[in-house]
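Peer 1: Data file run10.pdb (PDB, C-alpha atoms) is appended below.
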```pdb
ATOM      1  CA  ASP A  10     -63.321 147.763 -47.872  1.00  0.00           C
ATOM      2  CA  PHE A  11     -63.837 144.627 -49.947  1.00  0.00           C
ATOM      3  CA  VAL A  12     -61.262 145.549 -52.584  1.00  0.00           C
ATOM      4  CA  GLN A  13     -58.403 145.807 -50.093  1.00  0.00           C
ATOM      5  CA  ALA A  14     -59.553 142.735 -48.184  1.00  0.00           C
ATOM      6  CA  LEU A  15     -59.601 140.688 -51.385  1.00  0.00           C
ATOM      7  CA  LYS A  16     -56.126 141.928 -52.333  1.00  0.00           C
ATOM      8  CA  ASP A  17     -54.801 140.835 -48.939  1.00  0.00           C
ATOM      9  CA  ILE A  18     -56.486 137.439 -49.170  1.00  0.00           C
ATOM     10  CA  ASP A  19     -55.158 136.971 -52.704  1.00  0.00           C
ATOM     11  CA  LYS A  20     -51.639 137.531 -51.359  1.00  0.00           C
ATOM     12  CA  ALA A  21     -52.202 134.902 -48.686  1.00  0.00           C
ATOM     13  CA  ILE A  22     -53.456 132.429 -51.288  1.00  0.00           C
ATOM     14  CA  VAL A  23     -50.370 132.991 -53.425  1.00  0.00           C
ATOM     15  CA  LEU A  24     -48.164 132.276 -50.407  1.00  0.00           C
ATOM     16  CA  ALA A  25     -50.100 129.164 -49.300  1.00  0.00           C
ATOM     17  CA  PRO A  26     -52.437 127.993 -52.065  1.00  0.00           C
ATOM     18  CA  GLU A  27     -53.239 124.753 -50.236  1.00  0.00           C
ATOM     19  CA  ASN A  28     -54.688 126.581 -47.223  1.00  0.00           C
ATOM     20  CA  THR A  29     -58.449 126.092 -47.507  1.00  0.00           C
ATOM     21  CA  ASP A  30     -59.047 128.656 -44.749  1.00  0.00           C
ATOM     22  CA  ASP A  31     -57.862 131.415 -47.093  1.00  0.00           C
ATOM     23  CA  TRP A  32     -60.113 130.149 -49.904  1.00  0.00           C
ATOM     24  CA  GLU A  33     -63.015 130.120 -47.434  1.00  0.00           C
ATOM     25  CA  LEU A  34     -62.261 133.664 -46.311  1.00  0.00           C
ATOM     26  CA  ARG A  35     -62.110 134.856 -49.907  1.00  0.00           C
ATOM     27  CA  ALA A  36     -65.383 133.101 -50.766  1.00  0.00           C
ATOM     28  CA  GLU A  37     -67.083 134.704 -47.744  1.00  0.00           C
ATOM     29  CA  THR A  38     -65.704 138.120 -48.695  1.00  0.00           C
ATOM     30  CA  LEU A  39     -66.817 137.689 -52.307  1.00  0.00           C
ATOM     31  CA  MET A  40     -70.297 136.769 -51.063  1.00  0.00           C
ATOM     32  CA  LYS A  41     -70.463 139.952 -49.016  1.00  0.00           C
ATOM     33  CA  ALA A  42     -69.379 141.887 -52.123  1.00  0.00           C
ATOM     34  CA  ASN A  43     -72.210 140.151 -54.051  1.00  0.00           C
ATOM     35  CA  ARG A  44     -69.723 138.456 -56.379  1.00  0.00           C
ATOM     36  CA  LEU A  45     -71.511 135.155 -56.045  1.00  0.00           C
ATOM     37  CA  LYS A  46     -70.162 133.281 -59.068  1.00  0.00           C
ATOM     38  CA  GLU A  47     -66.594 133.906 -57.949  1.00  0.00           C
ATOM     39  CA  ALA A  48     -67.525 132.913 -54.401  1.00  0.00           C
ATOM     40  CA  ALA A  49     -68.985 129.637 -55.692  1.00  0.00           C
ATOM     41  CA  ASP A  50     -65.786 129.005 -57.649  1.00  0.00           C
ATOM     42  CA  ASP A  51     -63.710 129.442 -54.483  1.00  0.00           C
ATOM     43  CA  ALA A  52     -65.978 127.105 -52.516  1.00  0.00           C
ATOM     44  CA  THR A  53     -65.617 124.553 -55.311  1.00  0.00           C
ATOM     45  CA  LYS A  54     -61.844 124.931 -55.077  1.00  0.00           C
ATOM     46  CA  MET A  55     -62.082 124.171 -51.348  1.00  0.00           C
ATOM     47  CA  ILE A  56     -64.017 120.993 -52.124  1.00  0.00           C
ATOM     48  CA  GLU A  57     -61.497 119.951 -54.770  1.00  0.00           C
ATOM     49  CA  MET A  58     -58.621 120.425 -52.322  1.00  0.00           C
ATOM     50  CA  ASP A  59     -60.316 118.644 -49.416  1.00  0.00           C
ATOM     51  CA  PRO A  60     -63.387 116.636 -50.504  1.00  0.00           C
ATOM     52  CA  GLN A  61     -63.869 115.218 -46.992  1.00  0.00           C
ATOM     53  CA  ASN A  62     -64.253 118.644 -45.377  1.00  0.00           C
ATOM     54  CA  THR A  63     -67.897 119.670 -45.113  1.00  0.00           C
ATOM     55  CA  THR A  64     -67.115 123.394 -44.845  1.00  0.00           C
ATOM     56  CA  GLY A  65     -66.727 123.828 -48.604  1.00  0.00           C
ATOM     57  CA  TYR A  66     -70.019 122.078 -49.306  1.00  0.00           C
ATOM     58  CA  SER A  67     -71.833 124.119 -46.660  1.00  0.00           C
ATOM     59  CA  LEU A  68     -70.441 127.388 -47.969  1.00  0.00           C
ATOM     60  CA  ARG A  69     -71.204 126.538 -51.584  1.00  0.00           C
ATOM     61  CA  SER A  70     -74.731 125.502 -50.603  1.00  0.00           C
ATOM     62  CA  ARG A  71     -75.318 128.949 -49.080  1.00  0.00           C
ATOM     63  CA  ILE A  72     -73.947 130.596 -52.213  1.00  0.00           C
ATOM     64  CA  TYR A  73     -76.152 128.488 -54.476  1.00  0.00           C
ATOM     65  CA  ARG A  74     -79.203 129.457 -52.404  1.00  0.00           C
ATOM     66  CA  ALA A  75     -78.229 133.107 -52.770  1.00  0.00           C
ATOM     67  CA  ILE A  76     -77.914 132.678 -56.546  1.00  0.00           C
ATOM     68  CA  GLU A  77     -80.753 130.256 -57.292  1.00  0.00           C
ATOM     69  CA  GLY A  78     -83.178 130.746 -54.419  1.00  0.00           C
ATOM     70  CA  PRO A  79     -84.250 128.566 -51.484  1.00  0.00           C
ATOM     71  CA  LYS A  80     -85.229 125.610 -53.694  1.00  0.00           C
ATOM     72  CA  SER A  81     -81.822 125.349 -55.357  1.00  0.00           C
ATOM     73  CA  LYS A  82     -81.111 121.799 -56.514  1.00  0.00           C
ATOM     74  CA  ASN A  83     -77.393 122.525 -56.421  1.00  0.00           C
ATOM     75  CA  ALA A  84     -77.649 123.605 -52.779  1.00  0.00           C
ATOM     76  CA  ALA A  85     -79.641 120.477 -51.984  1.00  0.00           C
ATOM     77  CA  ALA A  86     -76.973 118.313 -53.636  1.00  0.00           C
ATOM     78  CA  ASP A  87     -74.266 119.913 -51.500  1.00  0.00           C
ATOM     79  CA  LEU A  88     -76.308 119.372 -48.338  1.00  0.00           C
ATOM     80  CA  ALA A  89     -76.782 115.723 -49.346  1.00  0.00           C
ATOM     81  CA  ALA A  90     -73.006 115.420 -49.792  1.00  0.00           C
ATOM     82  CA  ILE A  91     -72.535 116.728 -46.255  1.00  0.00           C
ATOM     83  CA  GLU A  92     -74.949 114.125 -44.878  1.00  0.00           C
ATOM     84  CA  LYS A  93     -73.155 111.370 -46.781  1.00  0.00           C
ATOM     85  CA  LEU A  94     -69.794 112.492 -45.389  1.00  0.00           C
ATOM     86  CA  ARG A  95     -71.163 112.593 -41.857  1.00  0.00           C
ATOM     87  CA  LYS A  96     -72.465 109.042 -42.154  1.00  0.00           C
ATOM     88  CA  ALA A  97     -69.202 107.711 -43.550  1.00  0.00           C
ATOM     89  CA  PRO A  98     -67.157 105.601 -41.098  1.00  0.00           C
TER      90      PRO A  98
END
```
Just give me the structure of the file as structure tokens.

Peer 2:
Amino acid sequence: DFVQALKDIDKAIVLAPENTDDWELRAETLMKANRLKEAADDATKMIEMDPQNTTGYSLRSRIYRAIEGPKSKNAAADLAAIEKLRKAP
């Protein structure tokens, strides 16, 4: 049940707000519950907390494609950010 899962994840985030794994889990759960705007917000939070980690960009790209369709410019920008990070020394 998404409601209970989100409540449990929210508790984990309160206890360790810097843990990007919890933000990722909540974003994934929100996606499954079709709460895409909130999921995108959580993925953005992951990026803000750890801009070098490609997971947030990848997740947000998938969310943007779900919201905007396969030709999403926002999704493309996140994928470009991933490529840039991978090429960085």

Peer 1: Compile the contact shell of Leu88 of chain A as a PyMOL selection string: residues with an atom at most 12 Å away, counting only C-alpha atoms, same-chain residues fewer than 5 positions apart removed.

Peer 2: chain A and resi 63-71+73-74+81-83+93-95

Peer 1: Could you tell me which of A:Ala97, A:Lys80, A:Ala14, A:Glu92 comes closest to Leu34 of chain A if we count all atoms listed in the file?

Peer 2: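 Checking each of A:Ala97, A:Lys80, A:Ala14, A:Glu92 against Leu34 of chain A, counting all atoms listed in the file, the winner is A:Ala14.
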
Peer 1: Would you pick out the contacts of segment 19-21 of chain A at 12 Å or less, using only C-alpha atoms, so that residues sharing its chain but fewer than 2 positions from it are not included, and give the list as an mmCIF file with C-alpha atoms, keeping the file's coordinate frame?

Peer 2:
```cif
data_model
loop_
_atom_site.group_PDB
_atom_site.id
_atom_site.type_symbol
_atom_site.label_atom_id
_atom_site.label_comp_id
_atom_site.auth_asym_id
_atom_site.auth_seq_id
_atom_site.Cartn_x
_atom_site.Cartn_y
_atom_site.Cartn_z
ATOM 1 C CA PHE A 11 -63.837 144.627 -49.947
ATOM 2 C CA VAL A 12 -61.262 145.549 -52.584
ATOM 3 C CA GLN A 13 -58.403 145.807 -50.093
ATOM 4 C CA ALA A 14 -59.553 142.735 -48.184
ATOM 5 C CA LEU A 15 -59.601 140.688 -51.385
ATOM 6 C CA LYS A 16 -56.126 141.928 -52.333
ATOM 7 C CA ASP A 17 -54.801 140.835 -48.939
ATOM 8 C CA VAL A 23 -50.370 132.991 -53.425
ATOM 9 C CA LEU A 24 -48.164 132.276 -50.407
ATOM 10 C CA ALA A 25 -50.100 129.164 -49.300
ATOM 11 C CA PRO A 26 -52.437 127.993 -52.065
ATOM 12 C CA GLU A 27 -53.239 124.753 -50.236
ATOM 13 C CA ASN A 28 -54.688 126.581 -47.223
ATOM 14 C CA THR A 29 -58.449 126.092 -47.507
ATOM 15 C CA ASP A 30 -59.047 128.656 -44.749
ATOM 16 C CA ASP A 31 -57.862 131.415 -47.093
ATOM 17 C CA TRP A 32 -60.113 130.149 -49.904
ATOM 18 C CA GLU A 33 -63.015 130.120 -47.434
ATOM 19 C CA LEU A 34 -62.261 133.664 -46.311
ATOM 20 C CA ARG A 35 -62.110 134.856 -49.907
ATOM 21 C CA ALA A 36 -65.383 133.101 -50.766
ATOM 22 C CA THR A 38 -65.704 138.120 -48.695
ATOM 23 C CA LEU A 39 -66.817 137.689 -52.307
ATOM 24 C CA ASP A 51 -63.710 129.442 -54.483
#
```

Peer 1: Could you work out how far atom CA of Glu47 of chain A lies from atom CA of Ile76 of chain A, giving the answer in Å with one decimal?

Peer 2: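 Going from atom CA of Ile76 of chain A over to atom CA of Glu47 of chain A covers 11.5 Å.
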
Peer 1: Go ahead and fit an axis-aligned box to every listed atom of segment 33-43 of chain A plus 6 Å each side, and pass me the centre and edge lengths in Å, one decimal, as AutoDock Vina command-line options.

Peer 2:
```
--center_x -67.2 --center_y 136.0 --center_z -50.2 --size_x 22.1 --size_y 23.8 --size_z 19.7
```

Peer 1: With distances taken over only C-alpha atoms, which residue among A:Asn62, A:Asp10, A:Ile72, A:Lys54 lies nearest Glu37 of chain A?

Peer 2: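 Closest candidate: A:Ile72.
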
Peer 1: Quick one: pull the distance between atom CA of Lys96 of chain A and atom CA of Pro79 of chain A, Å, one decimal.

Peer 2: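 So the two atoms, atom CA of Lys96 of chain A and atom CA of Pro79 of chain A, lie 24.6 Å apart.
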
Peer 1: For Pro98 of chain A, which residue among A:Gln61, A:Lys46, A:Ala52, A:Ala85 is the nearest when counting all atoms listed in the file?

Peer 2: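 So, comparing all the options, the nearest one is A:Gln61.
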
Peer 1: Counting all atoms listed in the file, figure out which residue out of A:Ala84, A:Ala89, A:Ala75, A:Met55 gets nearest to Ile22 of chain A.

Peer 2: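 Of all the options, A:Met55 lies closest to Ile22 of chain A.
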
Peer 1: Between atom CA of Ile18 of chain A and atom CA of Gly78 of chain A, what distance in Å does the model show, to one decimal?

Peer 2: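 Interatomic distance here is 28.0 Å.
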
Peer 1: Extract segment 61-85 of chain A from the structure I just pasted (atoms: N, CA, C and O atoms) and return it as a PDB file, in the first residue's frame.

Peer 2:
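Writing done, so here's selection_27.pdb:
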```
ATOM      1  N   GLN A  61      26.934  15.364  -7.870  1.00  0.00           N
ATOM      2  CA  GLN A  61      27.851  14.500  -8.625  1.00  0.00           C
ATOM      3  C   GLN A  61      27.302  13.088  -8.818  1.00  0.00           C
ATOM      4  O   GLN A  61      27.867  12.304  -9.579  1.00  0.00           O
ATOM      5  N   ASN A  62      26.215  12.774  -8.147  1.00  0.00           N
ATOM      6  CA  ASN A  62      25.624  11.438  -8.223  1.00  0.00           C
ATOM      7  C   ASN A  62      24.624  11.390  -9.377  1.00  0.00           C
ATOM      8  O   ASN A  62      23.647  12.137  -9.390  1.00  0.00           O
ATOM      9  N   THR A  63      24.861  10.508 -10.313  1.00  0.00           N
ATOM     10  CA  THR A  63      24.009  10.438 -11.508  1.00  0.00           C
ATOM     11  C   THR A  63      22.632   9.829 -11.247  1.00  0.00           C
ATOM     12  O   THR A  63      21.732   9.981 -12.066  1.00  0.00           O
ATOM     13  N   THR A  64      22.445   9.178 -10.122  1.00  0.00           N
ATOM     14  CA  THR A  64      21.169   8.511  -9.842  1.00  0.00           C
ATOM     15  C   THR A  64      19.999   9.496  -9.841  1.00  0.00           C
ATOM     16  O   THR A  64      18.942   9.206 -10.399  1.00  0.00           O
ATOM     17  N   GLY A  65      20.181  10.642  -9.225  1.00  0.00           N
ATOM     18  CA  GLY A  65      19.109  11.641  -9.185  1.00  0.00           C
ATOM     19  C   GLY A  65      18.728  12.126 -10.567  1.00  0.00           C
ATOM     20  O   GLY A  65      17.542  12.260 -10.888  1.00  0.00           O
ATOM     21  N   TYR A  66      19.739  12.373 -11.402  1.00  0.00           N
ATOM     22  CA  TYR A  66      19.471  12.824 -12.771  1.00  0.00           C
ATOM     23  C   TYR A  66      18.746  11.744 -13.574  1.00  0.00           C
ATOM     24  O   TYR A  66      17.813  12.031 -14.329  1.00  0.00           O
ATOM     25  N   SER A  67      19.190  10.502 -13.416  1.00  0.00           N
ATOM     26  CA  SER A  67      18.564   9.396 -14.145  1.00  0.00           C
ATOM     27  C   SER A  67      17.102   9.224 -13.733  1.00  0.00           C
ATOM     28  O   SER A  67      16.217   9.071 -14.578  1.00  0.00           O
ATOM     29  N   LEU A  68      16.871   9.259 -12.438  1.00  0.00           N
ATOM     30  CA  LEU A  68      15.507   9.117 -11.927  1.00  0.00           C
ATOM     31  C   LEU A  68      14.630  10.264 -12.406  1.00  0.00           C
ATOM     32  O   LEU A  68      13.514  10.046 -12.902  1.00  0.00           O
ATOM     33  N   ARG A  69      15.133  11.490 -12.284  1.00  0.00           N
ATOM     34  CA  ARG A  69      14.328  12.635 -12.709  1.00  0.00           C
ATOM     35  C   ARG A  69      14.074  12.595 -14.209  1.00  0.00           C
ATOM     36  O   ARG A  69      12.981  12.955 -14.663  1.00  0.00           O
ATOM     37  N   SER A  70      15.026  12.122 -14.980  1.00  0.00           N
ATOM     38  CA  SER A  70      14.827  11.983 -16.424  1.00  0.00           C
ATOM     39  C   SER A  70      13.658  11.041 -16.724  1.00  0.00           C
ATOM     40  O   SER A  70      12.804  11.330 -17.567  1.00  0.00           O
ATOM     41  N   ARG A  71      13.615   9.919 -16.017  1.00  0.00           N
ATOM     42  CA  ARG A  71      12.491   8.977 -16.210  1.00  0.00           C
ATOM     43  C   ARG A  71      11.165   9.615 -15.838  1.00  0.00           C
ATOM     44  O   ARG A  71      10.150   9.410 -16.511  1.00  0.00           O
ATOM     45  N   ILE A  72      11.169  10.398 -14.766  1.00  0.00           N
ATOM     46  CA  ILE A  72       9.936  11.063 -14.330  1.00  0.00           C
ATOM     47  C   ILE A  72       9.502  12.090 -15.373  1.00  0.00           C
ATOM     48  O   ILE A  72       8.326  12.157 -15.731  1.00  0.00           O
ATOM     49  N   TYR A  73      10.457  12.880 -15.852  1.00  0.00           N
ATOM     50  CA  TYR A  73      10.119  13.872 -16.881  1.00  0.00           C
ATOM     51  C   TYR A  73       9.542  13.200 -18.129  1.00  0.00           C
ATOM     52  O   TYR A  73       8.592  13.705 -18.726  1.00  0.00           O
ATOM     53  N   ARG A  74      10.107  12.071 -18.525  1.00  0.00           N
ATOM     54  CA  ARG A  74       9.553  11.356 -19.690  1.00  0.00           C
ATOM     55  C   ARG A  74       8.140  10.877 -19.408  1.00  0.00           C
ATOM     56  O   ARG A  74       7.290  10.892 -20.302  1.00  0.00           O
ATOM     57  N   ALA A  75       7.876  10.465 -18.179  1.00  0.00           N
ATOM     58  CA  ALA A  75       6.520  10.036 -17.828  1.00  0.00           C
ATOM     59  C   ALA A  75       5.547  11.213 -17.867  1.00  0.00           C
ATOM     60  O   ALA A  75       4.392  11.059 -18.265  1.00  0.00           O
ATOM     61  N   ILE A  76       6.020  12.397 -17.480  1.00  0.00           N
ATOM     62  CA  ILE A  76       5.166  13.581 -17.454  1.00  0.00           C
ATOM     63  C   ILE A  76       5.014  14.190 -18.845  1.00  0.00           C
ATOM     64  O   ILE A  76       3.903  14.499 -19.285  1.00  0.00           O
ATOM     65  N   GLU A  77       6.142  14.363 -19.538  1.00  0.00           N
ATOM     66  CA  GLU A  77       6.184  15.154 -20.766  1.00  0.00           C
ATOM     67  C   GLU A  77       6.237  14.330 -22.057  1.00  0.00           C
ATOM     68  O   GLU A  77       6.110  14.885 -23.142  1.00  0.00           O
ATOM     69  N   GLY A  78       6.465  13.046 -21.941  1.00  0.00           N
ATOM     70  CA  GLY A  78       6.553  12.209 -23.125  1.00  0.00           C
ATOM     71  C   GLY A  78       8.004  11.925 -23.515  1.00  0.00           C
ATOM     72  O   GLY A  78       8.936  12.496 -22.947  1.00  0.00           O
ATOM     73  N   PRO A  79       8.192  11.041 -24.488  1.00  0.00           N
ATOM     74  CA  PRO A  79       9.536  10.572 -24.838  1.00  0.00           C
ATOM     75  C   PRO A  79      10.460  11.651 -25.403  1.00  0.00           C
ATOM     76  O   PRO A  79      11.671  11.480 -25.395  1.00  0.00           O
ATOM     77  N   LYS A  80       9.921  12.763 -25.861  1.00  0.00           N
ATOM     78  CA  LYS A  80      10.756  13.829 -26.414  1.00  0.00           C
ATOM     79  C   LYS A  80      10.976  14.975 -25.427  1.00  0.00           C
ATOM     80  O   LYS A  80      11.284  16.092 -25.814  1.00  0.00           O
ATOM     81  N   SER A  81      10.854  14.679 -24.157  1.00  0.00           N
ATOM     82  CA  SER A  81      11.003  15.679 -23.104  1.00  0.00           C
ATOM     83  C   SER A  81      12.376  16.352 -23.160  1.00  0.00           C
ATOM     84  O   SER A  81      13.408  15.694 -23.089  1.00  0.00           O
ATOM     85  N   LYS A  82      12.371  17.668 -23.262  1.00  0.00           N
ATOM     86  CA  LYS A  82      13.630  18.422 -23.241  1.00  0.00           C
ATOM     87  C   LYS A  82      14.247  18.392 -21.853  1.00  0.00           C
ATOM     88  O   LYS A  82      15.473  18.391 -21.717  1.00  0.00           O
ATOM     89  N   ASN A  83      13.426  18.377 -20.836  1.00  0.00           N
ATOM     90  CA  ASN A  83      13.949  18.290 -19.468  1.00  0.00           C
ATOM     91  C   ASN A  83      14.657  16.954 -19.240  1.00  0.00           C
ATOM     92  O   ASN A  83      15.722  16.909 -18.624  1.00  0.00           O
ATOM     93  N   ALA A  84      14.067  15.875 -19.738  1.00  0.00           N
ATOM     94  CA  ALA A  84      14.703  14.561 -19.617  1.00  0.00           C
ATOM     95  C   ALA A  84      16.025  14.547 -20.375  1.00  0.00           C
ATOM     96  O   ALA A  84      17.034  14.036 -19.877  1.00  0.00           O
ATOM     97  N   ALA A  85      16.029  15.129 -21.558  1.00  0.00           N
ATOM     98  CA  ALA A  85      17.253  15.178 -22.356  1.00  0.00           C
ATOM     99  C   ALA A  85      18.343  15.971 -21.636  1.00  0.00           C
ATOM    100  O   ALA A  85      19.522  15.590 -21.656  1.00  0.00           O
TER     101      ALA A  85
END
```
